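Student: Right, I'll just put the structure down here and ask away after.
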Amino acid sequence: MQSENPELWAFLESLHLGDILSGTIAAIERFGVFVALDDGPAHPLFPGVGFIVIPDLSWRHIAAPTDVVQVGQRVSGEFLQFDTYNAEARLSLKALQPDPLQTFTGRTAVGQELRGTVEKVLPFGIIVDLGDGIAGLVSFRETHGHPAVSPLEDFEVGEEITVIVIKIDPQTRRVLLSRPQGGRHEGVVPVM
């Protein structure tokens with residue numbers, strides 16, 4: 001592709017990690033979003049030279065790319081890398097947004113009680129939405145001190161529960177939670 005599209009190749013090679021590129025959402029696919037960049041040539045095969053993978057659209061969990069962007073919308077993203085296979089500029093929208101885990105870590109202490117909403121019930125535990133794009137895991141082993149016999153009977157999606165923060169790991173982006181002993185609710189500090 002380099003010899004067939006020297007202008008495109010030269011443009012992509014001129015980009016540097018951290019450059020901010022702007023453009024218009026040209027197409028939304030299940031695997032990512034194409035961006036027609038303001039600067040640079042058109043792509044010979046794809047709707048845009050810029051491309052954003054789903055995890056780089058937002059810090060928050062999203063069900064579909066359309067939760068964040070729409071075709072025709074103007075966006076700016078940080079340049080991450082030159083994809084030499086597809087001749088694309090890989091971009092990140094979330095790189096230009098504040099990381100909600102940093103904010104959560106700054107205002108939340110290990111041992112702090114919080115209120116959250118059960119988001120998912122899984123065979124190994126429950127995912128609790130703590131607000132502002134933060135979710136944590138209550139392991140069933142941790143919840144009752146031993147594996148739960150029937151976790152589906154114990155928790156319902158949408159139920160509001162009290163949890164205790166037992167670990168915040170910025171490296172793995174995981175928040176581990178437990179349930180208070182005896183179902184205590186005093187001292188609950190709401191997440192803001």
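Identifiers for the structure tokens are assigned positionally: chains receive A, B, ... in sequence, residues are indexed from 1 per chain, and ligands are indexed from 1 in the order shown.
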I'd like to know which residues of stretch 24-156 of chain A are helix (DSSP H, G or I) (by DSSP, run on the backbone); could you write them as a ChimeraX atom specification?

Tutor: /A:54-56,65-67,94-96,100-107,140-144,151-154

Student: Export C-alpha atoms of the chosen residues as a PDB file, in the first residue's frame?

Tutor:
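To be explicit, this is the file written out as part.pdb:
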```
ATOM      1  CA  ILE A  54     -14.238   0.484  21.023  1.00  0.00           C
ATOM      2  CA  PRO A  55     -12.184   0.551  24.275  1.00  0.00           C
ATOM      3  CA  ASP A  56     -10.651   3.896  23.237  1.00  0.00           C
ATOM      4  CA  PRO A  65     -20.228   2.844  19.937  1.00  0.00           C
ATOM      5  CA  THR A  66     -23.382   4.909  19.342  1.00  0.00           C
ATOM      6  CA  ASP A  67     -23.514   5.459  23.128  1.00  0.00           C
ATOM      7  CA  LYS A  94     -10.768   8.686  26.089  1.00  0.00           C
ATOM      8  CA  ALA A  95      -7.140   9.855  26.238  1.00  0.00           C
ATOM      9  CA  LEU A  96      -8.483  13.418  26.142  1.00  0.00           C
ATOM     10  CA  PRO A 100     -12.679   8.439  36.514  1.00  0.00           C
ATOM     11  CA  LEU A 101     -10.579   5.838  38.373  1.00  0.00           C
ATOM     12  CA  GLN A 102      -8.045   8.525  39.341  1.00  0.00           C
ATOM     13  CA  THR A 103     -10.853  10.688  40.732  1.00  0.00           C
ATOM     14  CA  PHE A 104     -12.334   7.691  42.583  1.00  0.00           C
ATOM     15  CA  THR A 105      -8.931   6.741  44.014  1.00  0.00           C
ATOM     16  CA  GLY A 106      -8.388  10.311  45.222  1.00  0.00           C
ATOM     17  CA  ARG A 107     -11.654  10.456  47.169  1.00  0.00           C
ATOM     18  CA  PHE A 140     -18.854 -14.628  46.435  1.00  0.00           C
ATOM     19  CA  ARG A 141     -15.970 -16.076  48.398  1.00  0.00           C
ATOM     20  CA  GLU A 142     -15.515 -12.651  49.966  1.00  0.00           C
ATOM     21  CA  THR A 143     -19.239 -11.915  50.247  1.00  0.00           C
ATOM     22  CA  HIS A 144     -20.103 -14.713  52.666  1.00  0.00           C
ATOM     23  CA  PRO A 151     -25.845 -16.386  44.234  1.00  0.00           C
ATOM     24  CA  LEU A 152     -28.740 -15.751  41.863  1.00  0.00           C
ATOM     25  CA  GLU A 153     -31.145 -15.907  44.811  1.00  0.00           C
ATOM     26  CA  ASP A 154     -29.059 -13.575  46.956  1.00  0.00           C
TER      27      ASP A 154
END
```

Student: List the spatial neighbours of A:Thr117 as an NGL selection string - criterion: any atom at most 12 Å away, only C-alpha atoms, same-chain residues fewer than 6 positions off excluded.

Tutor: :A and (126-131 or 134-138 or 155-163 or 190-191)

Student: A:Ser178, A:Thr84, A:Ser58, A:Ser76: which is nearest A:Arg115, counting only C-alpha atoms?

Tutor: A:Ser178

Student: Could you check the closest approach to A:Gly18 for each of A:Val175, A:Val118, A:Val33, A:Leu93 and tell me which residue wins, using only C-alpha atoms?

Tutor: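 Nearest to A:Gly18: A:Leu93.
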
Student: Which distance in Å separates atom CA of A:Pro44 and atom CA of A:Asn5, to one decimal?

Tutor: 8.0 Å

Student: So how many Å separate atom CA of A:Leu176 and atom CA of A:Arg60, to one decimal?

Tutor: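 According to the coordinates, atom CA of A:Leu176 and atom CA of A:Arg60 are separated by 17.3 Å.
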
Student: How far is it from atom CA of A:Gln171 to atom CA of A:Val53, in Å with one decimal?

Tutor: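 Spanning atom CA of A:Gln171 to atom CA of A:Val53 is a straight-line distance of 20.7 Å.
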
Student: Hey, which of A:Lys120, A:His16, A:Arg179, A:Arg30 ends up closest to A:Gln81? Count only C-alpha atoms.

Tutor: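 For A:Gln81, the nearest of the candidates is A:His16.
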
Student: Run DSSP on the backbone and grab whatever in stretch 2-94 of chain A lands in strand (DSSP E or B); send it over as a PyMOL selection string.

Tutor: chain A and resi 20-29+32-37+50-53+74-83+88-92

Student: Excluding A:Gly48 and its own-chain neighbours fewer than 5 positions away, which residues fall within 7 Å of it when counting only C-alpha atoms? Please give them as a list in words.

Tutor: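 The residues that qualify are Ala26, Phe34, Val35, Ala36, Leu37, Ala42 and His43 of chain A.
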
Student: I need the chosen residues saved as a CSV table (one decimal), in the first residue's frame, with all heavy atoms.

Tutor:
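Saved as selection-v4.csv:
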```csv
chain,number,residue,atom,x,y,z
A,26,ALA,N,-17.1,9.0,10.2
A,26,ALA,CA,-17.5,8.7,8.9
A,26,ALA,C,-18.3,7.4,8.9
A,26,ALA,O,-19.2,7.2,8.0
A,26,ALA,CB,-16.3,8.5,8.0
A,34,PHE,N,-14.6,4.7,12.2
A,34,PHE,CA,-13.8,5.4,11.3
A,34,PHE,C,-14.0,6.9,11.3
A,34,PHE,O,-15.1,7.4,11.5
A,34,PHE,CB,-14.1,4.9,9.8
A,34,PHE,CG,-13.7,3.5,9.6
A,34,PHE,CD1,-14.6,2.5,9.7
A,34,PHE,CD2,-12.4,3.2,9.2
A,34,PHE,CE1,-14.3,1.2,9.4
A,34,PHE,CE2,-12.0,1.9,9.0
A,34,PHE,CZ,-13.0,0.9,9.1
A,35,VAL,N,-12.8,7.6,11.3
A,35,VAL,CA,-12.9,9.1,11.3
A,35,VAL,C,-12.2,9.6,10.1
A,35,VAL,O,-11.1,9.3,9.7
A,35,VAL,CB,-12.1,9.6,12.6
A,35,VAL,CG1,-12.1,11.1,12.7
A,35,VAL,CG2,-12.6,9.0,13.9
A,36,ALA,N,-13.0,10.5,9.4
A,36,ALA,CA,-12.4,11.2,8.2
A,36,ALA,C,-11.7,12.4,8.8
A,36,ALA,O,-12.3,13.3,9.3
A,36,ALA,CB,-13.5,11.7,7.3
A,37,LEU,N,-10.4,12.4,8.8
A,37,LEU,CA,-9.5,13.4,9.4
A,37,LEU,C,-9.6,14.7,8.6
A,37,LEU,O,-9.6,14.7,7.3
A,37,LEU,CB,-8.1,12.9,9.5
A,37,LEU,CG,-7.9,11.7,10.5
A,37,LEU,CD1,-6.5,11.2,10.4
A,37,LEU,CD2,-8.4,12.0,11.9
A,42,ALA,N,-7.5,11.1,1.8
A,42,ALA,CA,-8.6,10.1,2.0
A,42,ALA,C,-8.0,8.8,2.0
A,42,ALA,O,-6.9,8.6,1.4
A,42,ALA,CB,-9.7,10.3,1.0
A,43,HIS,N,-8.6,7.8,2.6
A,43,HIS,CA,-8.1,6.4,2.6
A,43,HIS,C,-8.7,5.7,1.4
A,43,HIS,O,-9.9,5.9,1.0
A,43,HIS,CB,-8.6,5.7,3.9
A,43,HIS,CG,-7.9,4.4,4.1
A,43,HIS,ND1,-8.1,3.3,3.4
A,43,HIS,CD2,-6.9,4.2,5.0
A,43,HIS,CE1,-7.3,2.3,3.9
A,43,HIS,NE2,-6.5,2.9,4.9
```
